[in-house]
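Q: mmCIF, C-alpha atoms and all ligand atoms, file my_file-v3.cif:
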data_final
#
loop_
_atom_site.label_atom_id
_atom_site.label_comp_id
_atom_site.auth_asym_id
_atom_site.auth_seq_id
_atom_site.Cartn_x
_atom_site.Cartn_y
_atom_site.Cartn_z
CA MET A 1 39.36 -5.39 13.49
CA LYS A 2 37.23 -2.28 12.97
CA LYS A 3 38.63 -1.93 9.47
CA ASN A 4 37.49 -5.44 8.58
CA ILE A 5 33.97 -4.77 9.76
CA LEU A 6 33.86 -1.60 7.68
CA LYS A 7 35.11 -3.52 4.67
CA ILE A 8 32.41 -6.15 5.13
CA ALA A 9 29.78 -3.45 5.52
CA ILE A 10 30.85 -1.69 2.33
CA THR A 11 30.99 -4.99 0.44
CA SER A 12 27.48 -5.97 1.53
CA LEU A 13 26.19 -2.51 0.69
CA THR A 14 27.67 -2.79 -2.79
CA ILE A 15 26.09 -6.21 -3.26
CA LEU A 16 22.79 -4.83 -2.02
CA LEU A 17 22.93 -1.91 -4.46
CA ILE A 18 23.83 -4.15 -7.38
CA SER A 19 21.11 -6.66 -6.60
CA SER A 20 18.44 -4.01 -6.09
CA GLY A 21 19.44 -2.43 -9.40
CA THR A 22 19.07 -5.77 -11.13
CA LEU A 23 15.71 -6.29 -9.50
CA MET A 24 14.43 -2.94 -10.72
CA ALA A 25 15.63 -3.59 -14.25
CA GLN A 26 13.82 -6.91 -14.27
CA HIS A 27 10.73 -5.31 -12.93
CA ASN A 28 10.62 -2.55 -15.48
CA HIS A 29 11.15 -5.12 -18.17
CA GLY A 30 8.09 -7.03 -16.99
CA GLY A 31 5.97 -3.89 -16.76
CA GLN A 32 2.89 -3.70 -18.92
CA GLY A 33 3.25 -0.07 -19.86
CA ASN A 34 -0.08 0.84 -18.34
CA GLY A 35 0.83 4.49 -18.06
CA GLU A 36 1.95 4.57 -14.44
CA ASN A 37 4.24 7.40 -13.45
CA ALA A 38 7.86 6.63 -14.12
CA GLN A 39 8.90 7.88 -10.68
CA ASN A 40 6.23 5.81 -9.04
CA HIS A 41 6.96 2.24 -8.29
CA THR A 42 5.59 -0.31 -10.71
CA HIS A 43 4.80 -3.10 -8.22
CA HIS A 44 1.19 -4.13 -8.55
CA PRO A 45 -0.62 -3.50 -5.26
CA PRO A 46 -1.81 -6.96 -4.08
CA HIS A 47 -5.08 -5.57 -2.68
CA GLY A 48 -5.82 -3.03 -5.39
CA GLY A 49 -4.84 -0.07 -3.23
CA GLN A 50 -2.13 2.57 -3.49
CA MET A 51 1.44 1.47 -3.08
CA LYS A 52 4.37 3.54 -1.80
CA GLU A 53 7.97 2.55 -1.61
CA ALA A 54 9.75 3.11 1.70
CA GLY A 55 13.33 1.94 1.49
CA LYS A 56 13.27 -1.84 1.26
CA TYR A 57 9.63 -1.83 2.31
CA HIS A 58 6.38 -1.11 0.55
CA ILE A 59 3.23 0.22 2.15
CA GLU A 60 -0.14 -0.35 0.53
CA MET A 61 -3.18 1.67 1.52
CA VAL A 62 -6.65 0.31 0.78
CA VAL A 63 -9.77 2.35 1.34
CA ASP A 64 -12.83 0.21 1.98
CA LEU A 65 -14.95 2.49 -0.11
CA PHE A 66 -17.80 0.14 -0.90
CA LEU A 67 -17.98 -1.63 2.43
CA LYS A 68 -18.84 1.80 3.86
CA LYS A 69 -16.82 1.14 6.97
CA ASP A 70 -14.81 4.30 6.35
CA ARG A 71 -11.81 2.23 7.11
CA LEU A 72 -8.24 2.59 5.94
CA THR A 73 -6.27 -0.59 5.74
CA PHE A 74 -2.49 -0.67 5.48
CA TYR A 75 -0.29 -3.54 4.45
CA LEU A 76 3.45 -3.55 4.96
CA PHE A 77 5.67 -5.59 2.68
CA LYS A 78 9.34 -6.24 2.55
CA GLY A 79 11.50 -7.30 -0.38
CA LYS A 80 9.45 -8.94 -3.10
CA LEU A 81 6.12 -8.03 -1.52
CA LYS A 82 6.49 -10.38 1.40
CA PRO A 83 4.01 -9.35 4.11
CA VAL A 84 5.56 -8.25 7.40
CA VAL A 85 3.78 -9.77 10.39
CA ASN A 86 2.20 -7.49 12.94
CA GLU A 87 4.12 -8.53 16.04
CA GLU A 88 7.21 -6.72 14.83
CA ILE A 89 5.44 -3.45 14.11
CA THR A 90 3.71 -0.46 15.64
CA GLY A 91 2.21 2.32 13.59
CA ILE A 92 0.93 5.86 13.88
CA ILE A 93 -1.16 7.68 11.29
CA THR A 94 -1.81 11.37 10.83
CA ILE A 95 -4.73 12.19 8.55
CA GLU A 96 -5.16 15.70 7.25
CA TYR A 97 -8.55 16.39 5.73
CA LYS A 98 -9.33 18.91 3.03
CA ASP A 99 -10.94 21.24 5.58
CA GLY A 100 -7.58 21.51 7.34
CA SER A 101 -8.42 19.40 10.39
CA THR A 102 -5.84 16.84 11.40
CA VAL A 103 -6.27 13.62 13.35
CA THR A 104 -3.43 11.50 14.69
CA ASP A 105 -4.17 7.95 15.74
CA THR A 106 -2.49 4.67 16.49
CA LEU A 107 -2.85 2.05 13.79
CA ARG A 108 -4.65 -0.99 15.11
CA ALA A 109 -3.61 -4.48 14.09
CA GLY A 110 -6.48 -5.82 12.02
CA GLY A 111 -5.19 -9.36 11.56
CA ASP A 112 -1.95 -11.16 10.94
CA ASN A 113 -0.58 -8.78 8.37
CA TYR A 114 -2.53 -5.54 8.19
CA PHE A 115 -3.37 -2.40 10.13
CA VAL A 116 -6.49 -0.30 10.23
CA ALA A 117 -7.37 3.31 10.91
CA GLN A 118 -10.74 5.05 10.97
CA LEU A 119 -11.71 7.73 8.50
CA GLU A 120 -13.79 10.34 10.25
CA LYS A 121 -14.89 12.36 7.25
CA PRO A 122 -15.76 11.61 3.63
CA GLU A 123 -13.53 14.43 2.45
CA PRO A 124 -10.35 14.20 0.43
CA PHE A 125 -7.39 13.60 2.67
CA THR A 126 -3.65 13.18 2.88
CA CYS A 127 -2.20 10.82 5.44
CA ILE A 128 1.24 10.10 6.75
CA VAL A 129 1.83 6.60 8.01
CA ASN A 130 4.78 5.94 10.29
CA PHE A 131 5.60 2.34 11.09
CA GLN A 132 8.22 1.33 13.59
CA VAL A 133 9.69 -1.92 12.39
CA LYS A 134 12.22 -3.27 14.88
CA GLY A 135 13.08 0.28 15.90
CA LYS A 136 13.33 1.51 12.33
CA LEU A 137 11.02 4.15 10.87
CA VAL A 138 9.15 3.18 7.69
CA SER A 139 6.97 6.00 6.33
CA GLY A 140 4.57 6.58 3.51
CA VAL A 141 2.44 9.54 2.43
CA PHE A 142 -0.87 8.88 0.67
CA THR A 143 -3.52 11.10 -0.80
CA HIS A 144 -7.09 10.08 -1.53
CA PRO A 145 -10.03 11.89 -3.15
CA GLY A 146 -12.25 10.91 -0.23
CA LEU A 147 -15.46 8.90 0.03
CA GLU A 148 -17.75 11.40 -1.64
CA ILE A 149 -17.09 9.87 -5.05
CA LYS A 150 -19.47 6.97 -4.37
CA THR A 151 -21.73 6.71 -7.42
CA GLY A 152 -23.67 4.23 -9.44
CA GLY A 153 -23.41 1.17 -7.21
CA VAL A 154 -20.99 -1.68 -6.91
CA TYR A 155 -20.06 -4.25 -9.52
CA THR A 156 -18.72 -7.56 -8.37
CA CYS A 157 -17.62 -10.91 -9.81
CA PRO A 158 -19.97 -13.88 -9.25
CA MET A 159 -16.93 -16.03 -8.54
CA HIS A 160 -14.78 -13.49 -6.70
CA PRO A 161 -16.87 -11.39 -4.29
CA GLU A 162 -13.71 -9.63 -3.11
CA ILE A 163 -13.58 -7.85 -6.49
CA LYS A 164 -15.55 -4.62 -6.22
CA LYS A 165 -15.60 -1.92 -8.89
CA GLU A 166 -17.62 1.23 -9.26
CA SER A 167 -18.17 0.70 -12.98
CA PRO A 168 -19.08 -2.28 -15.21
CA GLY A 169 -16.24 -4.42 -16.54
CA THR A 170 -14.62 -7.80 -16.23
CA CYS A 171 -13.04 -9.58 -13.29
CA PRO A 172 -9.25 -9.15 -13.22
CA LYS A 173 -8.95 -12.67 -11.79
CA CYS A 174 -11.14 -14.74 -14.12
CA GLY A 175 -12.42 -12.39 -16.82
CA MET A 176 -16.12 -12.89 -16.06
CA THR A 177 -18.46 -9.93 -16.57
CA LEU A 178 -19.03 -8.08 -13.31
CA GLU A 179 -22.59 -8.00 -11.99
CA LYS A 180 -24.25 -5.07 -10.29
CA GLN A 181 -24.89 -5.68 -6.60
ZN ZN B 201 -13.74 -13.52 -11.00
#
Please lay out the structure from this file as structure tokens.
Ligand SMILES: [Zn+2]
A:
Amino acid sequence: MKKNILKIAITSLTILLISSGTLMAQHNHGGQGNGENAQNHTHHPPHGGQMKEAGKYHIEMVVDLFLKKDRLTFYLFKGKLKPVVNEEITGIITIEYKDGSTVTDTLRAGGDNYFVAQLEKPEPFTCIVNFQVKGKLVSGVFTHPGLEIKTGGVYTCPMHPEIKKESPGTCPKCGMTLEKQ
């Protein structure tokens, strides 16, 4: 009986490995060669943040730089970037600032599918995010140059106000020229 279970486990693991390998190959094939690190994952962050791979999960960190809320937002995805809903998750963040001070805080659910933490200083920082997803630990480490890089204003799309850039350019969604706010 035990042997059978082991056999099934090994078989499913093999299938899992094969399918994830296929997935990666497909993904690399579809990549646009935009100079991302080879060891970094090539998934495009859905909210324009930083993306880290954590086993079968992905964590995206978005810093609300231009909204000046000093807020860190985290999204958790599973598989092909499917958002994981908040009810299944708790999270803790440890932020280490450039001056060496460290703050540990609980991530607060900010909506159906994201978490928020407060940035206390505009300095560069490194943070470790630990999610508990159904008793399993899902971690990501992020670094950010901090909020001091604010310069020159905000450029936004007339049709897509959610697009905010710190330099002139075109909207990634519709191609319109960004306007200074
Ligand atoms: Zn647009």
Q: Please identify the residues whose atoms come within 9 Å of ligand ZN 201 (chain B), using all atoms listed in the file, and report them as a PyMOL selection string.
A: chain A and resi 156-163+170-178
Q: The residues within 10 Å of (7.5, -6.6, 10.8), using all atoms listed in the file and the coordinates of the file, should be reported as a list in words; which are they?
A: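 The residues that fall inside the cut-off are Tyr57, Leu76, Phe77, Lys78, Pro83, Val84, Val85, Asn86, Glu87, Glu88, Ile89, Thr90, Asn113, Phe131, Gln132, Val133 and Lys134 of chain A.
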Q: Selection from above, C-alpha atoms, as a PDB file, keeping the file's coordinate frame, can you write it?
A:
ATOM      1  CA  TYR A  57       9.630  -1.830   2.310  1.00  0.00           C
ATOM      2  CA  LEU A  76       3.450  -3.550   4.960  1.00  0.00           C
ATOM      3  CA  PHE A  77       5.670  -5.590   2.680  1.00  0.00           C
ATOM      4  CA  LYS A  78       9.340  -6.240   2.550  1.00  0.00           C
ATOM      5  CA  PRO A  83       4.010  -9.350   4.110  1.00  0.00           C
ATOM      6  CA  VAL A  84       5.560  -8.250   7.400  1.00  0.00           C
ATOM      7  CA  VAL A  85       3.780  -9.770  10.390  1.00  0.00           C
ATOM      8  CA  ASN A  86       2.200  -7.490  12.940  1.00  0.00           C
ATOM      9  CA  GLU A  87       4.120  -8.530  16.040  1.00  0.00           C
ATOM     10  CA  GLU A  88       7.210  -6.720  14.830  1.00  0.00           C
ATOM     11  CA  ILE A  89       5.440  -3.450  14.110  1.00  0.00           C
ATOM     12  CA  THR A  90       3.710  -0.460  15.640  1.00  0.00           C
ATOM     13  CA  ASN A 113      -0.580  -8.780   8.370  1.00  0.00           C
ATOM     14  CA  PHE A 131       5.600   2.340  11.090  1.00  0.00           C
ATOM     15  CA  GLN A 132       8.220   1.330  13.590  1.00  0.00           C
ATOM     16  CA  VAL A 133       9.690  -1.920  12.390  1.00  0.00           C
ATOM     17  CA  LYS A 134      12.220  -3.270  14.880  1.00  0.00           C
TER      18      LYS A 134
END
Q: Report the distance between atom CA of A:Tyr75 and atom CA of A:Tyr155 in Å, rounded to one decimal place.
A: 24.2 Å
Q: Could you tell me which of A:Gly91, A:Gly169, A:Gly49, A:Gly110 comes closest to A:His144 if we count all atoms listed in the file?
A: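 Closest to A:His144, using all atoms listed in the file: A:Gly49.
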Q: Considering all atoms listed in the file, state which residue in the set A:Thr106, A:Lys165, A:Gly140, A:Gly153 is at the smallest distance from A:Glu60.
A: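 Result for the nearest residue to A:Glu60: A:Gly140.
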Q: Calculated over only C-alpha atoms, which of the candidates A:Leu147, A:Ile95, A:Met51, A:Ala109 has the smallest distance to A:Val129?
A: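 The shortest atom-to-atom distance to A:Val129 comes from A:Ile95.
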Q: Just to confirm, what's the straight-line distance from atom CA of A:Thr94 to atom CA of A:Cys127 in Å (one decimal)?
A: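 Spanning atom CA of A:Thr94 to atom CA of A:Cys127 is a straight-line distance of 5.4 Å.
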Q: Skipping near chain neighbours, those fewer than 2 positions away, what residues fall within 8 Å of stretch 116-125 of chain A using all atoms listed in the file, listed as a VMD selection string?
A: chain A and resid 70 to 74 93 95 to 99 105 to 110 114 127 143 to 148
Q: If you measure from atom CA of A:Ile128 to atom CA of A:Lys52, what distance in Å do you get, rounded to one decimal?
A: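 Pair atom CA of A:Ile128 / atom CA of A:Lys52 returns 11.2 Å.
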Q: Could you tell me which of A:Gly55, A:Gly111, A:Pro46, A:Gly100 comes closest to A:Lys82 if we count all atoms listed in the file?
A: A:Pro46
Q: Using only C-alpha atoms, find the one residue out of A:Ile92, A:His44, A:Val103, A:Met61 that sits nearest to A:Lys80.
A: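 For A:Lys80, the nearest of the given residues is A:His44.
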Q: Take stretch 72-88 of chain A, bring it up to N, CA and C atoms, and give me the output as a tab-separated table (two decimals), in the frame of the given file.
A:
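File produced: rebuild.tsv:
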chain	number	residue	atom	x	y	z
A	72	LEU	N	-9.48	2.65	6.71
A	72	LEU	CA	-8.24	2.59	5.94
A	72	LEU	C	-7.49	1.35	6.38
A	73	THR	N	-7.05	0.60	5.42
A	73	THR	CA	-6.27	-0.59	5.74
A	73	THR	C	-4.87	-0.43	5.15
A	74	PHE	N	-3.88	-0.78	5.93
A	74	PHE	CA	-2.49	-0.67	5.48
A	74	PHE	C	-1.81	-2.02	5.56
A	75	TYR	N	-1.09	-2.32	4.48
A	75	TYR	CA	-0.29	-3.54	4.45
A	75	TYR	C	1.17	-3.12	4.34
A	76	LEU	N	2.02	-3.83	5.03
A	76	LEU	CA	3.45	-3.55	4.96
A	76	LEU	C	4.15	-4.76	4.35
A	77	PHE	N	4.95	-4.49	3.35
A	77	PHE	CA	5.67	-5.59	2.68
A	77	PHE	C	7.15	-5.31	2.70
A	78	LYS	N	7.89	-6.40	2.61
A	78	LYS	CA	9.34	-6.24	2.55
A	78	LYS	C	9.84	-7.04	1.36
A	79	GLY	N	10.92	-6.60	0.77
A	79	GLY	CA	11.50	-7.30	-0.38
A	79	GLY	C	10.50	-7.47	-1.49
A	80	LYS	N	10.37	-8.67	-1.98
A	80	LYS	CA	9.45	-8.94	-3.10
A	80	LYS	C	8.03	-9.13	-2.59
A	81	LEU	N	7.50	-8.07	-2.01
A	81	LEU	CA	6.12	-8.03	-1.52
A	81	LEU	C	5.80	-9.15	-0.54
A	82	LYS	N	6.73	-9.41	0.34
A	82	LYS	CA	6.49	-10.38	1.40
A	82	LYS	C	5.85	-9.64	2.57
A	83	PRO	N	4.68	-10.06	3.01
A	83	PRO	CA	4.01	-9.35	4.11
A	83	PRO	C	4.86	-9.39	5.39
A	84	VAL	N	4.86	-8.30	6.12
A	84	VAL	CA	5.56	-8.25	7.40
A	84	VAL	C	4.52	-8.50	8.48
A	85	VAL	N	4.79	-9.43	9.39
A	85	VAL	CA	3.78	-9.77	10.39
A	85	VAL	C	3.70	-8.70	11.47
A	86	ASN	N	2.51	-8.60	12.05
A	86	ASN	CA	2.20	-7.49	12.94
A	86	ASN	C	3.03	-7.43	14.22
A	87	GLU	N	3.46	-8.55	14.73
A	87	GLU	CA	4.12	-8.53	16.04
A	87	GLU	C	5.36	-7.65	16.04
A	88	GLU	N	5.95	-7.47	14.88
A	88	GLU	CA	7.21	-6.72	14.83
A	88	GLU	C	6.96	-5.22	14.68
